[in-house]
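Data file: coords-v4.cif. Format and content: mmCIF, C-alpha atoms and all ligand atoms.
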```cif
data_input
loop_
_atom_site.label_atom_id
_atom_site.label_comp_id
_atom_site.auth_asym_id
_atom_site.auth_seq_id
_atom_site.Cartn_x
_atom_site.Cartn_y
_atom_site.Cartn_z
CA MET I 24 215.84 263.93 -8.18
CA PHE I 25 217.74 260.69 -8.24
CA GLY I 26 220.39 260.07 -10.86
CA GLN I 27 220.31 257.13 -13.25
CA GLN I 28 220.55 253.76 -11.59
CA GLY I 29 223.22 251.37 -12.82
CA GLY I 30 225.21 248.48 -11.36
CA ILE I 31 224.35 248.07 -7.69
CA LYS I 32 223.68 251.72 -6.96
CA LEU I 33 221.42 252.14 -3.99
CA LYS I 34 218.81 254.91 -3.98
CA ALA I 35 218.69 256.06 -0.38
CA VAL I 36 216.43 258.69 1.18
CA PHE I 37 217.34 260.00 4.63
CA ILE I 38 214.48 261.45 6.68
CA GLY I 39 216.48 263.62 9.06
CA ALA I 40 219.72 265.46 8.37
CA GLY I 41 221.46 265.43 11.74
CA SER I 42 224.73 264.02 12.98
CA MET I 43 223.89 260.35 12.38
CA ALA I 44 222.61 260.90 8.84
CA GLU I 45 225.73 262.94 8.09
CA ALA I 46 228.04 260.25 9.52
CA ILE I 47 226.43 257.49 7.42
CA ILE I 48 226.41 259.66 4.30
CA ALA I 49 230.05 260.68 4.78
CA GLY I 50 231.17 257.09 5.31
CA GLY I 51 228.85 255.67 2.66
CA LEU I 52 230.04 258.08 -0.03
CA LYS I 53 233.68 257.55 0.89
CA SER I 54 233.36 253.77 0.67
CA GLY I 55 231.22 253.82 -2.48
CA ALA I 56 228.24 252.18 -0.75
CA LEU I 57 226.28 255.36 -1.50
CA GLN I 58 226.53 257.62 -4.53
CA ALA I 59 225.89 261.36 -4.25
CA GLU I 60 223.40 261.40 -7.14
CA ASN I 61 221.39 258.59 -5.54
CA THR I 62 221.35 259.97 -2.02
CA TYR I 63 218.52 262.30 -1.02
CA VAL I 64 218.23 263.98 2.35
CA THR I 65 215.39 265.94 3.88
CA ASN I 66 214.67 267.37 7.31
CA ARG I 67 211.78 269.12 9.04
CA SER I 68 212.54 272.74 8.21
CA ASP I 69 216.25 273.58 8.41
CA ALA I 70 216.97 274.50 4.78
CA ILE I 71 220.38 275.98 5.68
CA ARG I 72 221.48 272.60 7.01
CA LEU I 73 220.29 270.89 3.81
CA ASN I 74 222.29 273.39 1.75
CA GLU I 75 225.38 272.70 3.83
CA LEU I 76 225.04 268.95 3.23
CA ALA I 77 224.38 269.46 -0.49
CA ASN I 78 227.50 271.63 -0.79
CA GLN I 79 229.65 269.35 1.32
CA PHE I 80 228.70 266.04 -0.30
CA GLY I 81 227.07 266.92 -3.63
CA ILE I 82 223.99 264.95 -2.56
CA GLN I 83 220.35 265.72 -3.38
CA THR I 84 218.35 267.59 -0.75
CA GLY I 85 214.91 269.15 -0.49
CA TYR I 86 211.35 268.82 0.66
CA GLU I 87 209.72 267.17 -2.39
CA VAL I 88 210.05 263.73 -0.89
CA GLU I 89 206.98 261.97 -2.26
CA SER I 90 208.43 261.01 -5.64
CA VAL I 91 211.89 260.15 -4.32
CA LEU I 92 210.38 257.91 -1.67
CA GLN I 93 208.53 255.94 -4.31
CA GLU I 94 211.80 255.34 -6.19
CA ALA I 95 213.87 254.63 -3.06
CA ASP I 96 215.60 251.33 -2.41
CA VAL I 97 215.97 252.28 1.24
CA ILE I 98 214.31 254.90 3.43
CA VAL I 99 216.46 255.75 6.44
CA LEU I 100 214.64 257.14 9.48
CA ALA I 101 217.20 259.52 11.00
CA MET I 102 215.06 261.81 13.14
CA LYS I 103 215.00 261.77 16.96
CA PRO I 104 212.65 259.23 18.55
CA LYS I 105 210.34 262.03 19.73
CA ASP I 106 209.85 263.08 16.10
CA ALA I 107 209.29 259.55 14.81
CA ALA I 108 205.49 259.56 14.79
CA ALA I 109 205.18 262.89 12.96
CA GLY I 110 207.98 261.99 10.55
CA LEU I 111 206.51 258.57 9.76
CA GLU I 112 202.98 259.89 9.36
CA ALA I 113 204.24 262.47 6.85
CA ILE I 114 205.81 259.81 4.61
CA GLN I 115 203.40 256.95 5.31
CA SER I 116 201.42 257.36 2.08
CA SER I 117 204.61 257.12 -0.03
CA ILE I 118 205.71 253.84 1.53
CA ASN I 119 204.68 250.71 -0.32
CA GLU I 120 205.15 246.95 0.00
CA HIS I 121 208.49 247.19 -1.86
CA SER I 122 209.89 249.78 0.53
CA VAL I 123 212.75 248.92 2.83
CA VAL I 124 212.72 251.13 5.91
CA ILE I 125 215.92 251.36 7.99
CA SER I 126 215.26 252.91 11.38
CA LEU I 127 218.09 254.43 13.40
CA LEU I 128 215.71 255.48 16.19
CA ALA I 129 217.16 254.61 19.60
CA GLY I 130 214.74 252.57 21.67
CA VAL I 131 211.90 252.59 19.16
CA GLY I 132 210.68 249.07 18.40
CA ILE I 133 209.98 247.59 14.99
CA ASP I 134 206.35 247.04 16.08
CA PHE I 135 205.83 250.80 16.59
CA ILE I 136 207.22 251.56 13.14
CA GLU I 137 205.06 248.83 11.55
CA LYS I 138 201.97 250.14 13.30
CA THR I 139 202.63 253.78 12.37
CA ILE I 140 203.31 252.93 8.73
CA GLY I 141 200.16 250.83 8.83
CA LYS I 142 200.97 248.57 5.89
CA PRO I 143 203.31 245.64 5.40
CA CYS I 144 206.88 246.51 4.41
CA SER I 145 210.41 245.43 5.26
CA ILE I 146 211.77 247.12 8.37
CA ILE I 147 215.35 247.00 9.58
CA ARG I 148 216.16 248.48 12.97
CA ALA I 149 219.78 249.57 13.01
CA MET I 150 222.03 250.95 15.72
CA PRO I 151 225.19 252.43 14.17
CA ASN I 152 227.43 255.00 15.77
CA THR I 153 228.94 258.27 14.59
CA SER I 154 232.28 256.62 13.76
CA ALA I 155 230.46 255.75 10.51
CA ALA I 156 231.88 259.09 9.29
CA VAL I 157 235.36 257.52 9.20
CA GLY I 158 234.23 254.05 8.14
CA LYS I 159 234.48 252.65 11.67
CA SER I 160 230.91 252.33 12.93
CA ALA I 161 229.95 249.31 14.99
CA THR I 162 226.43 248.62 13.73
CA ALA I 163 223.93 246.01 14.83
CA ILE I 164 220.74 245.39 12.87
CA ALA I 165 217.51 243.54 13.65
CA LEU I 166 214.88 242.61 11.07
CA ASN I 167 211.15 242.19 10.80
CA GLU I 168 209.86 239.01 9.19
CA LEU I 169 209.24 240.67 5.81
CA VAL I 170 212.93 241.43 5.20
CA THR I 171 214.11 239.13 2.43
CA ALA I 172 217.53 237.48 2.38
CA GLU I 173 218.54 239.88 -0.39
CA GLN I 174 217.37 242.97 1.54
CA HIS I 175 219.18 241.67 4.64
CA GLN I 176 222.37 241.28 2.63
CA SER I 177 222.01 244.79 1.15
CA ALA I 178 221.66 246.26 4.64
CA ILE I 179 224.71 244.32 5.86
CA ASP I 180 226.63 245.51 2.78
CA LEU I 181 225.62 249.14 3.43
CA PHE I 182 226.64 249.07 7.09
CA ALA I 183 229.74 246.93 6.43
CA ALA I 184 230.87 249.67 4.05
CA ILE I 185 230.96 252.05 7.03
CA GLY I 186 232.41 249.67 9.59
CA LEU I 187 231.44 246.45 11.35
CA ALA I 188 227.91 245.16 10.72
CA ILE I 189 226.26 242.33 12.64
CA THR I 190 222.71 241.02 12.97
CA VAL I 191 221.12 240.55 16.40
CA ASP I 192 217.73 239.70 17.79
CA GLU I 193 215.71 242.85 18.43
CA SER I 194 215.62 242.02 22.17
CA GLN I 195 219.35 242.86 22.29
CA MET I 196 219.00 246.34 20.83
CA ASP I 197 218.84 248.16 24.19
CA ALA I 198 222.15 246.56 25.19
CA VAL I 199 223.68 247.32 21.78
CA THR I 200 222.56 250.96 22.05
CA ALA I 201 224.13 251.24 25.53
CA VAL I 202 227.42 249.61 24.51
CA SER I 203 228.18 250.75 20.96
CA GLY I 204 225.52 253.32 19.96
CA SER I 205 226.46 255.65 22.80
CA GLY I 206 229.90 254.04 23.23
CA PRO I 207 232.02 256.58 21.33
CA ALA I 208 230.73 259.28 23.71
CA TYR I 209 232.15 257.40 26.71
CA ILE I 210 235.58 257.30 25.07
CA TYR I 211 235.36 261.02 24.23
CA TYR I 212 234.42 261.65 27.87
CA VAL I 213 237.60 259.89 28.98
CA ALA I 214 239.59 261.83 26.36
CA GLU I 215 238.18 265.13 27.66
CA VAL I 216 239.14 264.25 31.23
CA MET I 217 242.65 263.10 30.21
CA GLN I 218 243.13 266.30 28.19
CA LYS I 219 242.21 268.46 31.18
CA ALA I 220 244.39 266.43 33.57
CA GLY I 221 247.31 266.54 31.12
CA GLU I 222 247.08 270.32 30.88
CA GLU I 223 246.78 270.64 34.66
CA LEU I 224 250.00 268.63 34.86
CA GLY I 225 251.73 271.19 32.64
CA LEU I 226 251.41 269.83 29.08
CA ASP I 227 250.40 272.35 26.46
CA HIS I 228 247.06 271.78 24.72
CA GLU I 229 248.47 270.49 21.40
CA THR I 230 251.01 268.16 23.03
CA ALA I 231 248.38 266.62 25.32
CA LYS I 232 245.93 266.28 22.42
CA SER I 233 248.42 264.52 20.11
CA LEU I 234 249.55 262.14 22.84
CA ILE I 235 245.96 261.25 23.81
CA ILE I 236 244.77 260.66 20.23
CA GLN I 237 247.73 258.41 19.49
CA THR I 238 247.27 256.59 22.81
CA LEU I 239 243.60 255.86 22.00
CA LEU I 240 244.42 254.76 18.45
CA GLY I 241 247.22 252.50 19.69
CA ALA I 242 245.09 251.00 22.46
CA ALA I 243 242.23 250.29 20.02
CA ASP I 244 244.64 248.58 17.62
CA MET I 245 246.16 246.54 20.46
CA LEU I 246 242.69 245.44 21.59
CA SER I 247 241.87 244.47 18.04
CA VAL I 248 245.01 242.39 17.42
CA SER I 249 244.70 240.71 20.84
CA ASP I 250 241.05 239.81 20.22
CA GLY I 251 239.75 242.03 23.02
CA GLN I 252 242.07 240.86 25.82
CA ALA I 253 241.64 244.14 27.73
CA ALA I 254 242.53 242.79 31.17
CA ALA I 255 245.71 241.10 29.92
CA LEU I 256 246.79 244.22 28.02
CA ARG I 257 246.19 246.36 31.10
CA LYS I 258 248.21 243.99 33.29
CA ALA I 259 251.10 244.14 30.82
CA ILE I 260 251.32 247.93 31.39
CA THR I 261 250.93 247.75 35.16
CA SER I 262 254.35 247.35 36.80
CA GLU I 263 254.38 246.53 40.48
CA GLY I 264 254.83 249.75 42.44
CA GLY I 265 254.66 251.73 39.21
CA THR I 266 252.64 254.62 37.82
CA THR I 267 249.82 252.66 36.20
CA GLU I 268 249.22 250.75 39.41
CA ALA I 269 248.93 254.08 41.23
CA ALA I 270 246.38 255.34 38.70
CA ILE I 271 244.27 252.15 38.70
CA ARG I 272 244.35 252.01 42.51
CA THR I 273 242.99 255.57 42.57
CA PHE I 274 240.29 254.69 40.02
CA ASP I 275 239.29 251.68 42.12
CA GLU I 276 239.23 253.73 45.33
CA MET I 277 236.91 256.18 43.58
CA ASN I 278 234.65 253.40 42.22
CA VAL I 279 235.28 254.32 38.61
CA LYS I 280 234.58 250.73 37.52
CA GLU I 281 231.17 250.74 39.19
CA ALA I 282 230.43 254.20 37.80
CA ILE I 283 231.15 253.15 34.21
CA SER I 284 229.18 249.94 34.59
CA ALA I 285 226.23 251.82 36.09
CA GLY I 286 226.37 254.40 33.31
CA VAL I 287 226.32 251.80 30.52
CA LYS I 288 223.43 249.97 32.21
CA GLU I 289 221.52 253.24 32.68
CA ALA I 290 221.88 253.89 28.94
CA ALA I 291 220.18 250.53 28.30
CA VAL I 292 217.41 251.45 30.73
CA GLN I 293 216.99 254.78 28.95
CA SER I 294 216.75 252.96 25.62
CA LYS I 295 213.94 250.86 27.12
CA ARG I 296 212.27 254.01 28.47
CA LEU I 297 212.43 255.63 25.03
CA GLY I 298 210.88 252.48 23.59
CA ALA I 299 208.14 252.40 26.25
CA ALA I 300 207.03 255.84 25.09
CA TYR I 301 206.50 254.35 21.61
CA GLN I 302 204.56 251.20 22.38
CA CYS I 303 201.68 250.26 20.13
N1 LIG Y 1 223.90 260.59 17.24
C1 LIG Y 1 224.27 259.36 17.46
O1 LIG Y 1 225.37 259.06 17.88
C2 LIG Y 1 223.31 258.24 17.16
C3 LIG Y 1 221.99 258.49 16.90
N2 LIG Y 1 221.14 257.46 16.62
C4 LIG Y 1 219.75 257.75 16.32
O2 LIG Y 1 219.73 258.45 15.10
C5 LIG Y 1 218.64 259.34 15.10
C6 LIG Y 1 219.11 260.71 14.71
O3 LIG Y 1 219.99 261.19 15.69
P1 LIG Y 1 220.88 262.48 15.45
O4 LIG Y 1 221.40 262.47 14.04
O5 LIG Y 1 221.83 262.55 16.57
O6 LIG Y 1 219.74 263.62 15.57
P2 LIG Y 1 219.82 265.17 15.21
O7 LIG Y 1 219.04 265.90 16.24
O8 LIG Y 1 221.23 265.56 14.94
O9 LIG Y 1 219.00 265.26 13.83
C7 LIG Y 1 217.64 265.00 13.74
C8 LIG Y 1 217.17 265.36 12.36
O10 LIG Y 1 215.80 264.92 12.23
C9 LIG Y 1 215.09 265.94 11.52
N3 LIG Y 1 213.66 265.81 11.73
C10 LIG Y 1 212.94 265.96 12.86
N4 LIG Y 1 211.63 265.76 12.62
C11 LIG Y 1 211.51 265.47 11.31
C12 LIG Y 1 210.41 265.19 10.46
N5 LIG Y 1 209.17 265.15 10.93
N6 LIG Y 1 210.67 264.96 9.17
C13 LIG Y 1 211.94 265.01 8.67
N7 LIG Y 1 213.01 265.27 9.42
C14 LIG Y 1 212.80 265.51 10.74
C15 LIG Y 1 215.68 267.22 12.05
O11 LIG Y 1 215.34 268.29 11.19
P3 LIG Y 1 215.24 269.83 11.67
O12 LIG Y 1 216.63 270.20 12.08
O13 LIG Y 1 214.74 270.56 10.46
O14 LIG Y 1 214.28 269.84 12.82
C16 LIG Y 1 217.17 266.84 12.04
O15 LIG Y 1 217.70 267.01 10.74
C17 LIG Y 1 217.98 259.30 16.47
O16 LIG Y 1 216.81 258.55 16.42
C18 LIG Y 1 219.03 258.62 17.34
O17 LIG Y 1 218.41 257.85 18.32
C19 LIG Y 1 221.56 256.17 16.54
C20 LIG Y 1 222.87 255.87 16.77
C21 LIG Y 1 223.84 256.85 17.18
O1 LIG Y 2 221.98 259.38 22.79
C1 LIG Y 2 221.16 258.85 22.03
O2 LIG Y 2 219.97 258.72 22.36
C2 LIG Y 2 221.62 258.33 20.70
C3 LIG Y 2 221.42 256.86 20.56
C4 LIG Y 2 222.79 256.25 20.61
C5 LIG Y 2 223.69 257.39 20.53
N1 LIG Y 2 223.04 258.51 20.55
#
```
Rewrite the structure of this file - the entire thing - as structure tokens.
Amino acid sequence: MFGQQGGIKLKAVFIGAGSMAEAIIAGGLKSGALQAENTYVTNRSDAIRLNELANQFGIQTGYEVESVLQEADVIVLAMKPKDAAAGLEAIQSSINEHSVVISLLAGVGIDFIEKTIGKPCSIIRAMPNTSAAVGKSATAIALNELVTAEQHQSAIDLFAAIGLAITVDESQMDAVTAVSGSGPAYIYYVAEVMQKAGEELGLDHETAKSLIIQTLLGAADMLSVSDGQAAALRKAITSEGGTTEAAIRTFDEMNVKEAISAGVKEAAVQSKRLGAAYQC
């Protein structure tokens, strides 16, 4: 069960124990936004996974969720969208008008969650990313009209403790999901391709890996200090007749720009599709 509450300790219950729950818990515990004794995690049936999380983080885990839900300051929905209805129906009776529900469900609208819970409560739709595990999530949140200023601030504080946290209108959530929810995967995709190309060019695995990680870290820092001036930073690397120009020319000839743009937009369409499956 939950430990004693004191100070601003937040009692959080995670419904779902997958990669996103783990990333938020890891980052939240590290930053102090969550405390192990006040963090409870459950899943559908994978007790081995719950044991792993309990051992790794010292958090509370189990399947006796009714009482913990009644004590919870926040209930985090961290199951896949396809499992949302079953998951919500199972906890519906333990949710009350004081509950604050934070949904991580990609595509699933606040109206579907409201309807499935079937009683008024504060709902925050959040789109973090897995970089939460290292305190570097980019999280956007949208609120229903019952979220108080204090609850809004608590949610911002929680997500700010694991990275950047901003508030958007719910209509922007598909775009947010496409850009920053899935975004780390696009960068890992590029890293995978660069790793393979580096090895094909004769670098050993470790050398290529170290160079790529440092290159990504450095580029991210440069973007940050230049306030996102990506085009200008790219031009500064691209000498006339040089190697970068040769690479970018090849990317352009192979329509890489269009491919990335189409991929990001397709992710937004998929977010809408997921949502359409969960209309009231
Ligand atoms: N992964 C990411 O990068 C991001 C994910 N999200 C969103 O976060 C959510 C979780 O994603 P992710 O962590 O990747 O998913 P995972 O598949 O890794 O984990 C899903 C978890 O939900 C549990 N679960 C399923 N049904 C129920 C239920 N009825 N009651 C309780 N627990 C249940 C599963 O338990 P069991 O194993 O026992 O079946 C599992 O622990 C999704 O909605 C996704 O859209 C948002 C932003 C980024
Ligand atoms: O791929 C997905 O559906 C989830 C949502 C954003 C990142 N992962």
Checklist entry - Could you list, as a PyMOL selection string, all the residues within 12 Å of ligand LIG 2 (chain Y), counting only C-alpha atoms and all ligand atoms? => result chain I and resi 41-44+101-105+126-131+149-154+160-163+196-209+287+289-298
Output for the residues just chosen: C-alpha atoms as a tab-separated table (two decimals), keeping the file's coordinate frame:
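Written output follows (out09.tsv):
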```
chain	number	residue	atom	x	y	z
I	41	GLY	CA	221.46	265.43	11.74
I	42	SER	CA	224.73	264.02	12.98
I	43	MET	CA	223.89	260.35	12.38
I	44	ALA	CA	222.61	260.90	8.84
I	101	ALA	CA	217.20	259.52	11.00
I	102	MET	CA	215.06	261.81	13.14
I	103	LYS	CA	215.00	261.77	16.96
I	104	PRO	CA	212.65	259.23	18.55
I	105	LYS	CA	210.34	262.03	19.73
I	126	SER	CA	215.26	252.91	11.38
I	127	LEU	CA	218.09	254.43	13.40
I	128	LEU	CA	215.71	255.48	16.19
I	129	ALA	CA	217.16	254.61	19.60
I	130	GLY	CA	214.74	252.57	21.67
I	131	VAL	CA	211.90	252.59	19.16
I	149	ALA	CA	219.78	249.57	13.01
I	150	MET	CA	222.03	250.95	15.72
I	151	PRO	CA	225.19	252.43	14.17
I	152	ASN	CA	227.43	255.00	15.77
I	153	THR	CA	228.94	258.27	14.59
I	154	SER	CA	232.28	256.62	13.76
I	160	SER	CA	230.91	252.33	12.93
I	161	ALA	CA	229.95	249.31	14.99
I	162	THR	CA	226.43	248.62	13.73
I	163	ALA	CA	223.93	246.01	14.83
I	196	MET	CA	219.00	246.34	20.83
I	197	ASP	CA	218.84	248.16	24.19
I	198	ALA	CA	222.15	246.56	25.19
I	199	VAL	CA	223.68	247.32	21.78
I	200	THR	CA	222.56	250.96	22.05
I	201	ALA	CA	224.13	251.24	25.53
I	202	VAL	CA	227.42	249.61	24.51
I	203	SER	CA	228.18	250.75	20.96
I	204	GLY	CA	225.52	253.32	19.96
I	205	SER	CA	226.46	255.65	22.80
I	206	GLY	CA	229.90	254.04	23.23
I	207	PRO	CA	232.02	256.58	21.33
I	208	ALA	CA	230.73	259.28	23.71
I	209	TYR	CA	232.15	257.40	26.71
I	287	VAL	CA	226.32	251.80	30.52
I	289	GLU	CA	221.52	253.24	32.68
I	290	ALA	CA	221.88	253.89	28.94
I	291	ALA	CA	220.18	250.53	28.30
I	292	VAL	CA	217.41	251.45	30.73
I	293	GLN	CA	216.99	254.78	28.95
I	294	SER	CA	216.75	252.96	25.62
I	295	LYS	CA	213.94	250.86	27.12
I	296	ARG	CA	212.27	254.01	28.47
I	297	LEU	CA	212.43	255.63	25.03
I	298	GLY	CA	210.88	252.48	23.59
```
Checklist entry - What is the distance, in Å and to one decimal place, between CA of Ala214 in chain I and CA of Ile235 in chain I? => result 6.9 Å
Item to check | Shell around Ala242 in chain I at 10 Å using all atoms listed in the file, local window under 6 positions removed, as an NGL selection string | outcome: :I and (236 or 248 or 253 or 256-257)
Item to check | Residues within 7 Å of range 111-114 of chain I, all atoms listed in the file, excluding chain neighbours under 3 positions, as a ChimeraX atom specification | outcome: /I:107-108,117-118,139-140
Checklist entry - Contacts of range 175-181 of chain I at 12 Å or less, counting all atoms listed in the file, minus same-chain residues fewer than 3 places along, as a PyMOL selection string? => result chain I and resi 31-35+47-48+50-58+96-99+123-126+145-149+151+155+158+160-172+184-191
Checklist entry - Of the candidates I:Pro143, I:Ala269, I:Asn78, I:Met217, which one gets nearest to Leu239 in chain I if we count all atoms listed in the file? => result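 Smallest distance to Leu239 in chain I is found for I:Met217.
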Checklist entry - Which distance in Å separates atom O15 of ligand LIG 1 (chain Y) and CA of Leu100 in chain I, to one decimal? => result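 Value for the atom O15 of ligand LIG 1 (chain Y)-CA of Leu100 in chain I distance: 10.4 Å.
Across the structure, CA of Asp106 in chain I and CA of Ile133 in chain I are spaced 15.5 Å apart.
Residue nearest Ala40 in chain I, chosen from I:Thr84, I:Ser284, I:Thr230, I:Thr238 and counting only C-alpha atoms: I:Thr84.
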Checklist entry - With only C-alpha atoms as the basis for distance, which of I:Thr266, I:Asn61, I:Ser233, I:Ser194 is at the shortest distance from Val36 in chain I? => result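 Among the listed residues, the smallest separation from Val36 in chain I belongs to I:Asn61.
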Edge lengths and centre in Å, axis-aligned, range 107-121 of chain I plus 4 Å each side, as JSON:
```
{"center_x": 205.4, "center_y": 254.9, "center_z": 6.5, "size_x": 15.9, "size_y": 23.9, "size_z": 24.7}
```
Next on the checklist: Using all atoms listed in the file, can you tell me which of I:Ile38, I:Ala183, I:Ala255, I:Ala299 comes closest to Gly110 in chain I?
Outcome noted: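 Among the listed residues, I:Ile38 lies closest to Gly110 in chain I.
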Checklist entry - Which one of I:Ala109, I:Leu92, I:Val216, I:Val64 sits closest to ligand LIG 1 (chain Y) if you count only C-alpha atoms and all ligand atoms? => result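 Of I:Ala109, I:Leu92, I:Val216, I:Val64, the one nearest ligand LIG 1 (chain Y), counting only C-alpha atoms and all ligand atoms, is I:Ala109.
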